[in-house]
Structure formats: structure tokens, C-alpha cells
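**Q** Just so it is clear, I am handing over data-v1.csv, which has CSV, C-alpha atoms and all ligand atoms.
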```csv
chain,number,residue,atom,x,y,z
P,1,MET,CA,-17.5,20.4,20.9
P,2,ASN,CA,-16.1,18.0,18.3
P,3,ASN,CA,-18.0,18.5,15.1
P,4,GLU,CA,-15.2,17.7,12.6
P,5,ILE,CA,-15.7,15.1,9.9
P,6,LEU,CA,-13.0,12.7,8.6
P,7,ARG,CA,-13.0,12.6,4.8
P,8,ILE,CA,-11.9,9.3,3.4
P,9,ALA,CA,-11.0,8.8,-0.3
P,10,ILE,CA,-11.7,5.4,-1.8
P,11,GLN,CA,-11.6,4.1,-5.4
P,12,LYS,CA,-14.7,5.0,-7.3
P,13,SER,CA,-14.8,1.9,-9.5
P,14,GLY,CA,-12.2,-0.9,-9.6
P,15,ARG,CA,-10.6,-3.7,-7.8
P,16,LEU,CA,-10.4,-1.9,-4.5
P,17,THR,CA,-13.9,-0.5,-4.4
P,18,GLU,CA,-15.9,-3.5,-3.1
P,19,LYS,CA,-13.4,-4.4,-0.4
P,20,SER,CA,-13.0,-0.8,0.7
P,21,MET,CA,-16.8,-0.4,1.0
P,22,GLN,CA,-17.0,-3.8,2.9
P,23,LEU,CA,-14.3,-2.6,5.3
P,24,LEU,CA,-16.4,0.5,6.2
P,25,SER,CA,-19.6,-1.6,6.5
P,26,ASP,CA,-17.8,-4.1,8.8
P,27,CYS,CA,-16.9,-1.1,11.0
P,28,GLY,CA,-20.6,-0.5,11.3
P,29,ILE,CA,-20.5,2.6,9.1
P,30,GLN,CA,-23.7,3.3,7.1
P,31,LEU,CA,-23.8,5.6,4.1
P,32,GLN,CA,-26.5,8.2,3.4
P,33,ASN,CA,-26.8,7.6,-0.4
P,34,GLY,CA,-26.4,4.1,-1.5
P,35,LYS,CA,-25.6,5.2,-5.1
P,36,ARG,CA,-22.1,6.2,-5.7
P,37,LYS,CA,-22.0,9.9,-6.0
P,38,LEU,CA,-18.7,11.7,-5.7
P,39,LEU,CA,-19.3,12.3,-2.0
P,40,SER,CA,-21.3,10.2,0.4
P,41,PRO,CA,-21.7,11.1,4.1
P,42,ALA,CA,-22.0,8.4,6.7
P,43,THR,CA,-25.2,8.6,8.8
P,44,ASN,CA,-23.8,7.1,12.1
P,45,PHE,CA,-20.1,8.1,12.2
P,46,PRO,CA,-18.3,11.4,11.5
P,47,LEU,CA,-17.1,10.3,8.1
P,48,GLU,CA,-17.5,11.4,4.5
P,49,ILE,CA,-16.6,9.2,1.6
P,50,TYR,CA,-15.0,10.6,-1.6
P,51,PHE,CA,-15.1,8.3,-4.6
P,52,LEU,CA,-12.0,8.9,-6.8
P,53,ARG,CA,-9.7,7.3,-9.3
P,54,ASP,CA,-7.1,5.4,-7.2
P,55,ASP,CA,-4.2,7.3,-8.9
P,56,ASP,CA,-5.6,10.6,-7.6
P,57,ILE,CA,-5.9,9.5,-4.0
P,58,PRO,CA,-2.2,10.1,-2.8
P,59,GLN,CA,-2.2,13.7,-4.0
P,60,TYR,CA,-5.7,14.4,-2.5
P,61,VAL,CA,-4.6,13.1,0.8
P,62,GLU,CA,-1.2,14.9,0.7
P,63,ASP,CA,-3.0,18.2,-0.1
P,64,GLY,CA,-5.6,17.6,2.6
P,65,VAL,CA,-8.6,17.6,0.2
P,66,ALA,CA,-9.2,14.2,1.8
P,67,ASP,CA,-7.9,13.3,5.3
P,68,VAL,CA,-7.3,9.6,4.7
P,69,GLY,CA,-7.5,7.2,1.8
P,70,ILE,CA,-7.5,3.6,0.9
P,71,LEU,CA,-5.2,2.6,-2.0
P,72,GLY,CA,-2.7,0.0,-3.2
P,73,GLU,CA,0.9,0.4,-2.0
P,74,ASN,CA,1.9,0.2,-5.7
P,75,VAL,CA,0.1,3.5,-6.5
P,76,LEU,CA,1.4,5.1,-3.3
P,77,LEU,CA,5.0,4.4,-4.2
P,78,GLU,CA,4.5,5.4,-7.8
P,79,GLU,CA,2.9,8.7,-7.0
P,80,GLN,CA,5.6,9.4,-4.3
P,81,ALA,CA,3.2,11.4,-2.1
P,82,GLN,CA,4.1,12.7,1.3
P,83,VAL,CA,1.5,10.9,3.4
P,84,ASN,CA,1.6,8.5,6.4
P,85,THR,CA,0.8,4.8,5.9
P,86,VAL,CA,-1.3,4.0,9.0
P,87,LEU,CA,-2.4,0.4,8.5
P,88,GLU,CA,-2.0,-2.5,6.1
P,89,LEU,CA,-5.4,-3.8,5.1
P,90,GLY,CA,-4.5,-7.2,3.8
P,91,PHE,CA,-6.6,-7.1,0.6
P,92,ALA,CA,-5.8,-6.4,-3.1
P,93,GLN,CA,-2.6,-8.4,-2.8
P,94,CYS,CA,-0.5,-8.3,-5.9
P,95,ARG,CA,3.0,-7.8,-7.1
P,96,LEU,CA,4.7,-5.5,-9.6
P,97,SER,CA,6.8,-7.7,-11.8
P,98,LEU,CA,8.9,-7.7,-14.9
P,99,ALA,CA,7.8,-10.1,-17.6
P,100,ILE,CA,9.1,-11.2,-21.0
P,101,PRO,CA,7.8,-13.3,-23.9
P,102,LYS,CA,7.6,-16.9,-22.7
P,103,ASN,CA,10.0,-18.3,-25.4
P,104,GLU,CA,12.8,-15.9,-24.4
P,105,ILE,CA,15.5,-17.2,-22.2
P,106,TYR,CA,15.9,-15.1,-19.1
P,107,THR,CA,19.5,-14.6,-18.0
P,108,GLY,CA,19.0,-12.7,-14.8
P,109,VAL,CA,18.5,-9.0,-14.1
P,110,ASP,CA,21.3,-8.0,-16.6
P,111,TYR,CA,18.9,-9.2,-19.3
P,112,TRP,CA,17.3,-5.8,-19.1
P,113,GLU,CA,20.4,-3.8,-20.1
P,114,GLY,CA,19.4,-1.8,-23.2
P,115,LYS,CA,15.9,-3.3,-23.4
P,116,LYS,CA,12.7,-1.4,-23.9
P,117,ILE,CA,10.2,-1.9,-21.1
P,118,ALA,CA,6.5,-0.9,-21.2
P,119,THR,CA,4.9,0.1,-17.9
P,120,THR,CA,2.5,2.4,-16.1
P,121,TYR,CA,4.9,2.4,-13.2
P,122,SER,CA,7.7,4.5,-14.5
P,123,ASN,CA,8.9,5.9,-11.2
P,124,ILE,CA,9.1,2.5,-9.4
P,125,LEU,CA,10.8,0.9,-12.4
P,126,LYS,CA,13.3,3.8,-12.8
P,127,LYS,CA,14.3,3.4,-9.1
P,128,TYR,CA,14.6,-0.4,-9.4
P,129,LEU,CA,16.7,-0.2,-12.5
P,130,ALA,CA,19.0,2.5,-10.9
P,131,GLU,CA,19.5,0.3,-7.8
P,132,LYS,CA,20.5,-2.6,-10.1
P,133,ASN,CA,22.7,-0.3,-12.1
P,134,ILE,CA,20.9,-1.2,-15.3
P,135,LYS,CA,20.2,1.2,-18.2
P,136,ALA,CA,17.0,0.4,-20.0
P,137,ASP,CA,14.5,2.4,-22.0
P,138,ILE,CA,11.3,2.9,-20.1
P,139,HIS,CA,8.2,3.3,-22.3
P,140,ALA,CA,5.5,4.8,-20.2
P,141,ILE,CA,2.0,3.9,-21.3
P,142,SER,CA,-1.3,4.3,-19.5
P,143,GLY,CA,-2.9,0.9,-20.0
P,144,SER,CA,-3.0,-2.5,-21.7
P,145,VAL,CA,0.7,-2.9,-20.9
P,146,GLU,CA,0.6,-6.7,-21.4
P,147,ILE,CA,0.1,-6.5,-25.1
P,148,ALA,CA,3.1,-4.2,-25.7
P,149,PRO,CA,5.6,-7.0,-26.6
P,150,SER,CA,3.2,-8.7,-29.0
P,151,ILE,CA,2.6,-5.5,-31.0
P,152,GLY,CA,6.3,-4.7,-31.0
P,153,LEU,CA,6.2,-1.8,-28.7
P,154,ALA,CA,8.6,-3.2,-26.1
P,155,GLU,CA,10.7,-6.2,-25.3
P,156,GLY,CA,9.3,-6.7,-21.9
P,157,VAL,CA,6.8,-5.3,-19.4
P,158,CYS,CA,6.6,-4.1,-15.8
P,159,ASP,CA,3.1,-4.7,-14.7
P,160,LEU,CA,0.9,-5.8,-11.8
P,161,VAL,CA,0.3,-9.5,-11.4
P,162,SER,CA,-1.9,-11.4,-9.0
P,163,THR,CA,-2.5,-15.0,-10.4
P,164,GLY,CA,-0.3,-14.5,-13.5
P,165,SER,CA,-3.1,-15.6,-15.8
P,166,THR,CA,-3.2,-12.3,-17.7
P,167,LEU,CA,0.5,-12.6,-18.4
P,168,LEU,CA,0.1,-16.2,-19.5
P,169,SER,CA,-2.7,-15.5,-21.9
P,170,ASN,CA,-0.6,-12.8,-23.5
P,171,GLY,CA,2.3,-15.1,-24.0
P,172,LEU,CA,4.4,-13.6,-21.2
P,173,LYS,CA,6.3,-15.1,-18.2
P,174,GLU,CA,7.1,-13.4,-14.9
P,175,VAL,CA,10.8,-13.2,-14.3
P,176,GLU,CA,11.4,-10.6,-11.5
P,177,VAL,CA,9.2,-9.4,-8.7
P,178,ILE,CA,10.0,-5.7,-8.0
P,179,LEU,CA,7.4,-5.1,-5.3
P,180,LYS,CA,4.8,-6.8,-3.2
P,181,SER,CA,1.7,-4.8,-2.7
P,182,GLN,CA,-1.6,-4.7,-0.8
P,183,ALA,CA,-4.2,-2.1,0.1
P,184,VAL,CA,-3.2,0.4,2.8
P,185,LEU,CA,-4.8,3.1,4.7
P,186,VAL,CA,-2.9,6.4,4.4
P,187,ALA,CA,-3.4,9.7,6.2
P,188,ASN,CA,-2.6,13.3,5.7
P,189,GLN,CA,0.5,14.4,7.8
P,190,GLN,CA,-1.2,17.3,9.5
P,191,LEU,CA,-4.5,16.0,10.8
P,192,SER,CA,-6.2,18.2,13.4
P,193,PRO,CA,-6.4,16.6,16.9
P,194,GLN,CA,-10.1,16.1,16.4
P,195,LYS,CA,-9.6,14.3,13.1
P,196,GLN,CA,-6.8,12.2,14.7
P,197,GLN,CA,-9.3,11.1,17.3
P,198,ILE,CA,-11.9,10.1,14.7
P,199,LEU,CA,-9.2,8.2,12.8
P,200,ALA,CA,-8.2,6.4,16.1
P,201,GLN,CA,-11.8,5.3,16.5
P,202,LEU,CA,-11.9,4.0,12.9
P,203,LEU,CA,-8.6,2.2,13.4
P,204,PHE,CA,-9.9,0.6,16.6
P,205,ARG,CA,-12.9,-0.8,14.6
P,206,ILE,CA,-10.8,-2.0,11.7
P,207,ARG,CA,-8.3,-3.7,14.0
P,208,ALA,CA,-11.1,-5.5,15.9
P,209,LYS,CA,-12.4,-6.8,12.6
P,210,GLN,CA,-8.9,-7.8,11.4
P,211,ALA,CA,-8.2,-9.6,14.7
P,212,ALA,CA,-11.5,-11.5,14.5
P,213,ALA,CA,-10.8,-12.5,10.9
P,214,ASN,CA,-7.4,-14.0,11.9
P,215,ASN,CA,-8.8,-16.0,14.8
P,216,LYS,CA,-11.4,-18.7,15.5
P,217,TYR,CA,-13.4,-19.5,18.6
P,218,ILE,CA,-12.9,-23.2,19.5
P,219,LEU,CA,-15.0,-25.3,21.8
P,220,LEU,CA,-14.2,-28.9,22.7
P,221,ASN,CA,-14.8,-31.6,25.3
P,222,ALA,CA,-11.9,-33.0,27.2
P,223,PRO,CA,-11.5,-35.8,29.7
P,224,ASN,CA,-10.6,-34.1,33.0
P,225,ASP,CA,-7.2,-35.9,33.3
P,226,LYS,CA,-6.2,-34.4,29.9
P,227,ILE,CA,-7.1,-30.8,30.7
P,228,ASP,CA,-3.6,-29.7,31.4
P,229,GLU,CA,-2.2,-31.3,28.3
P,230,ILE,CA,-5.0,-29.8,26.1
P,231,CYS,CA,-4.8,-26.3,27.7
P,232,ALA,CA,-1.1,-26.2,26.8
P,233,LEU,CA,-2.1,-26.5,23.2
P,234,LEU,CA,-4.6,-23.7,23.4
P,235,PRO,CA,-2.9,-20.2,23.6
P,236,GLY,CA,-6.2,-18.3,24.1
P,237,MET,CA,-6.6,-14.6,24.7
P,238,LYS,CA,-5.7,-15.1,28.3
P,239,SER,CA,-6.3,-18.8,29.2
P,240,PRO,CA,-9.1,-21.2,28.2
P,241,SER,CA,-12.4,-21.2,30.0
P,242,ILE,CA,-13.3,-24.6,31.5
P,243,LEU,CA,-16.9,-25.5,32.2
P,244,PRO,CA,-18.0,-28.8,33.9
P,245,LEU,CA,-20.1,-31.2,31.9
P,246,ARG,CA,-22.9,-33.3,33.3
P,247,ASN,CA,-20.7,-36.3,33.0
P,248,SER,CA,-18.3,-35.4,35.8
P,249,ASN,CA,-15.2,-37.0,34.2
P,250,TRP,CA,-15.4,-34.5,31.3
P,251,SER,CA,-15.2,-30.7,30.9
P,252,SER,CA,-15.9,-28.3,28.1
P,253,LEU,CA,-13.0,-26.0,27.1
P,254,HIS,CA,-13.4,-22.7,25.2
P,255,SER,CA,-10.6,-20.7,23.6
P,256,VAL,CA,-9.4,-18.7,20.7
P,257,VAL,CA,-6.9,-20.0,18.1
P,258,GLN,CA,-5.2,-18.3,15.2
P,259,GLU,CA,-6.5,-19.2,11.8
P,260,GLN,CA,-3.0,-20.2,10.6
P,261,ALA,CA,-2.2,-22.5,13.5
P,262,PHE,CA,-5.7,-24.0,13.3
P,263,TRP,CA,-5.2,-27.4,11.5
P,264,ASP,CA,-1.9,-28.0,13.3
P,265,ILE,CA,-3.6,-27.5,16.7
P,266,ILE,CA,-6.7,-29.6,15.7
P,267,ASP,CA,-4.5,-32.7,15.1
P,268,LYS,CA,-2.7,-32.3,18.3
P,269,LEU,CA,-5.9,-31.8,20.3
P,270,LYS,CA,-7.4,-34.9,18.8
P,271,ALA,CA,-4.3,-36.9,19.6
P,272,ALA,CA,-4.5,-35.6,23.2
P,273,GLY,CA,-8.1,-36.9,23.6
P,274,ALA,CA,-10.3,-33.9,22.8
P,275,GLU,CA,-13.7,-34.7,21.3
P,276,GLY,CA,-16.7,-32.8,19.9
P,277,ILE,CA,-14.4,-30.0,18.6
P,278,LEU,CA,-16.4,-27.0,17.2
P,279,VAL,CA,-14.7,-24.1,15.5
P,280,ILE,CA,-16.7,-20.9,15.1
P,281,PRO,CA,-16.0,-17.6,13.3
P,282,ILE,CA,-15.6,-14.5,15.5
P,283,GLU,CA,-17.5,-11.4,14.5
P,284,LYS,CA,-15.4,-8.8,16.3
P,285,MET,CA,-12.4,-9.1,18.7
P,286,ILE,CA,-11.2,-6.4,21.1
P,287,VAL,CA,-7.7,-7.3,22.2
R,301,LIG,P1,-8.8,3.7,-11.7
R,301,LIG,O1,-9.8,3.8,-12.7
R,301,LIG,O2,-9.3,4.0,-10.3
R,301,LIG,O3,-7.5,4.4,-12.0
R,301,LIG,P2,-7.2,1.3,-12.2
R,301,LIG,O4,-7.6,0.6,-13.5
R,301,LIG,O5,-5.9,2.0,-12.1
R,301,LIG,O6,-8.5,2.1,-11.6
R,301,LIG,P3,-7.6,-1.3,-10.8
R,301,LIG,O7,-7.3,-2.2,-12.0
R,301,LIG,O8,-9.0,-1.2,-10.3
R,301,LIG,O9,-7.0,0.2,-11.0
R,301,LIG,O10,-6.7,-1.8,-9.6
R,301,LIG,C1,-6.6,-1.1,-8.4
R,301,LIG,C2,-5.6,-1.7,-7.5
R,301,LIG,O11,-5.9,-3.0,-7.2
R,301,LIG,C3,-4.2,-1.8,-8.1
R,301,LIG,O12,-3.5,-0.5,-8.0
R,301,LIG,C4,-3.5,-2.8,-7.2
R,301,LIG,O13,-3.1,-2.2,-6.0
R,301,LIG,C5,-4.7,-3.7,-6.9
R,301,LIG,N1,-4.6,-5.0,-7.7
R,301,LIG,C6,-4.7,-6.3,-7.1
R,301,LIG,N2,-4.6,-7.2,-8.0
R,301,LIG,C7,-4.4,-6.7,-9.2
R,301,LIG,C8,-4.1,-7.2,-10.5
R,301,LIG,N3,-4.1,-8.5,-10.8
R,301,LIG,N4,-4.0,-6.3,-11.5
R,301,LIG,C9,-4.1,-5.0,-11.3
R,301,LIG,N5,-4.3,-4.4,-10.0
R,301,LIG,C10,-4.4,-5.3,-9.0
R,302,ZN,ZN,-5.7,3.8,-11.5
```
Could you write out this file's structure as C-alpha cells?
**A**
Amino acid sequence: MNNEILRIAIQKSGRLTEKSMQLLSDCGIQLQNGKRKLLSPATNFPLEIYFLRDDDIPQYVEDGVADVGILGENVLLEEQAQVNTVLELGFAQCRLSLAIPKNEIYTGVDYWEGKKIATTYSNILKKYLAEKNIKADIHAISGSVEIAPSIGLAEGVCDLVSTGSTLLSNGLKEVEVILKSQAVLVANQQLSPQKQQILAQLLFRIRAKQAAANNKYILLNAPNDKIDEICALLPGMKSPSILPLRNSNWSSLHSVVQEQAFWDIIDKLKAAGAEGILVIPIEKMIV
């Protein structure tokens, strides 16, 4: 009998928390105690949720205290933990960048030779500078990196950026991108076969949700003599469904289009004579 439980570590309170919880909820997983205790068992899936600081997640997963975890790739690389990255989750997108006071003139990566750089990402920065053959003074601090240049602590910073507004409001400009990051699902390298099976079930649900989010269901009316032309524009899951309309010269076509290709296809469909185009979100998609 399979009575094992998969223990998943997510961030207790921070930028990843809400999306991580949403992901589990989108997978139909309900938690026993709504309030965030350290540990929260699911009621309808063999899963237990551990709420931790994101920096602790790689080590917990490596050690097997948690079986899987959700965290930013930036933290994963910084902590250098021996875990498997199982799936990119597409949220918490940001980049780790080098920035300097906005009035300084940036001369390229050699600019950093001999400079003092404040960061909470010493390991990633050390590796980057070594690859570029640059010797700089890394000043490791644990927070508020962006104020380091204005208080004279460093000449530049290596910090996370999403919109760039925090840098800007601290009089800094982004000059090099070291790493692009997003949230990922990681797993312990020695999961038991039972836990692997639970993880596979969880991945199946996450992928169904991801596929649904990337696609739209499209319905349209087409003159019968244009069906071939219009079908060629609709790369559905297999091929479009075609239903007769009461007006015998027209049919209704149903298909699935990718979110990205969406506007491009709409214009082409209209040009080919499609009318009454409806685009509907998909809840789950099993491919
Ligand atoms: P904790 O208390 O858990 O250690 P934290 O302060 O280290 O939290 P958050 O600021 O909540 O972490 O960020 C968590 C993750 O969100 C980051 O590691 C990164 O992957 C992602 N992220 C996305 N955009 C940004 C951003 N603009 N600034 C910082 N982190 C971002
Ligand atoms: Zn952290």
C-alpha cells in the first residue's frame, strides 16, 4: 500500500508565497489549516507543505527534510545545492544584474576591475567575475543592497531586478545581466519510488494547468467554401471540430490556439472570412 506523503517546501512569506500557494490550489490541492503554520497537510492529496525562508529551501531539499521545493533559480544557484530541477514554473521572473550610479560612464565589463561590489549573491558573482577574468572586491551584505553606493559602502551592486524601478529610485542604472531567473520546482535526488509517483501526479496537474494557461479555445463561424483555408490557420490539438450551422452555407469551427500566436491568427482568420470569433480561456488541458 502506498501511504507515503510528499513534503513540499515553499516560501513562508515573500514574493514567491502567493504564486506557490495558487499553483497548489490550481492543482486542486486543499490545505487543512488555512493559517500558515510551519507545516500544513493537504486534505485531498498525499502532500504536506512546509513554509520556510526561501534561502533554506535548497539545503532542506538536498538533505531530504523536504522532498521537493519551490524557489527562485537565483537562490538555487547561489546556494549550490545538489538537487534536481524538475520544472520551470514561469513566475517570479527577474534577473540578477550589476548596477552603478546613474551618472557614472559604463565602459564594459572591465569597468569592474578593482571595484567594490555589494551583493547578497556572492557565489554567483564570484563565478561570473572569474569567468570574465576580473578581480573585484565582493562585499557580501544580507539586505538593502541598493543603498550601498549612496552610503559609500560600494561602487556598484549586484542585485535582483524585475522592473528596474528600485534601482532607478536609488539613483542606479543596470549595466550587465548576470542571470535570468524564474521560480522552479526542485526535488531531492533520492526520492523513493512512491514519492516519485506522487511527484509525477503533481507534475501532471501542473503541466495541465500550464498548457491551459498558454492556450485559448477559439470558436468561429466560417463560410463553407473557406473552411480549408481557415483550418490551415488553426493548428488545434489534433484538427479543428466542424459543426454545421442552421444556415447551410456556414459552419462553426472550434479549435485551440496558442496565446502568443493569438493576435496574429485572429487577423488572418478575419481576412479569410471568419465571423463571430469567440476566444475562451481553458481551465485545464491534458495533452
Ligand atoms: P525570505 O524571507 O524568504 O528569505 P527574501 O526577502 O529573500 O525572502 P523575496 O524578496 O520574497 O525574498 O524574493 C523571493 C524571490 O522572488 C527571489 O529570490 C527571486 O527569485 C524572486 N523575485 C522576483 N522579482 C524580484 C525582485 N524584483 N526583487 C527580488 N526578488 C524577486
Ligand atoms: Zn531569502
**Q** Output the neighbourhood of ligand LIG 301 (chain R) as JSON, numbers by chain, that is, all protein and nucleic acid residues with some atom at most 6 Å from the ligand, counting all atoms listed in the file.
**A** {"P": [11, 13, 14, 15, 16, 53, 54, 55, 72, 74, 75, 92, 93, 94, 160, 161, 162, 182]}
**Q** Between P:Ile266, P:Ile198, P:Val184, P:Ala118, which is the closest to Gly143 of chain P once you count only C-alpha atoms?
**A**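 Using only C-alpha atoms, Gly143 of chain P sits closest to P:Ala118.
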**Q** Of the candidates P:Lys19, P:Asn133, P:Pro149, P:Lys115, which shows the shortest atom-to-atom distance to Phe91 of chain P, using only C-alpha atoms?
**A**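 Ranked by minimum distance to Phe91 of chain P, first place goes to P:Lys19.
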**Q** List the spatial neighbours of segment 26-33 of chain P as a PDB file with C-alpha atoms, keeping the file's coordinate frame - criterion: any atom at most 6 Å away, all atoms listed in the file, same-chain residues fewer than 5 positions off excluded.
**A**
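Output file part-v5.pdb follows:
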```
ATOM      1  CA  PRO P  41     -21.700  11.100   4.100  1.00  0.00           C
ATOM      2  CA  ALA P  42     -22.000   8.400   6.700  1.00  0.00           C
ATOM      3  CA  THR P  43     -25.200   8.600   8.800  1.00  0.00           C
ATOM      4  CA  ARG P 205     -12.900  -0.800  14.600  1.00  0.00           C
TER       5      ARG P 205
END
```
**Q** Would you mind telling me which residue in P:Thr120, P:Asn44, P:Ala148, P:Leu96 lies nearest to ligand ZN 302 (chain R) when using all atoms listed in the file?
**A**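 Smallest separation from ligand ZN 302 (chain R) among the options: P:Thr120.
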**Q** If you count all atoms listed in the file, which residues fall within 10 Å of Thr85 of chain P, apart from same-chain ones fewer than 6 positions away, as a PDB file with C-alpha atoms, in the coordinates of the input?
**A**
```pdb
ATOM      1  CA  VAL P  68      -7.300   9.600   4.700  1.00  0.00           C
ATOM      2  CA  GLY P  69      -7.500   7.200   1.800  1.00  0.00           C
ATOM      3  CA  ILE P  70      -7.500   3.600   0.900  1.00  0.00           C
ATOM      4  CA  GLU P  73       0.900   0.400  -2.000  1.00  0.00           C
ATOM      5  CA  LEU P  76       1.400   5.100  -3.300  1.00  0.00           C
ATOM      6  CA  VAL P 184      -3.200   0.400   2.800  1.00  0.00           C
ATOM      7  CA  LEU P 185      -4.800   3.100   4.700  1.00  0.00           C
ATOM      8  CA  VAL P 186      -2.900   6.400   4.400  1.00  0.00           C
ATOM      9  CA  ALA P 187      -3.400   9.700   6.200  1.00  0.00           C
ATOM     10  CA  ASN P 188      -2.600  13.300   5.700  1.00  0.00           C
ATOM     11  CA  GLN P 189       0.500  14.400   7.800  1.00  0.00           C
TER      12      GLN P 189
END
```
**Q** Residues within 12 Å of Asp267 of chain P, please, as a list in words. Count all atoms listed in the file; anything in the same chain fewer than 5 positions from it doesn't count.
**A** Ile230, Leu233, Ala261, Phe262, Ala272, Gly273, Ala274, Glu275 and Ile277 of chain P
**Q** Provide the atom CA of Pro240 of chain P to atom CA of Gly90 of chain P distance in Å, to one decimal place.
**A** 28.5 Å
**Q** Using all atoms listed in the file, which of P:Asp110, P:Glu78, P:Asp67, P:Glu48 sits nearest ligand ZN 302 (chain R)?
**A** P:Glu78
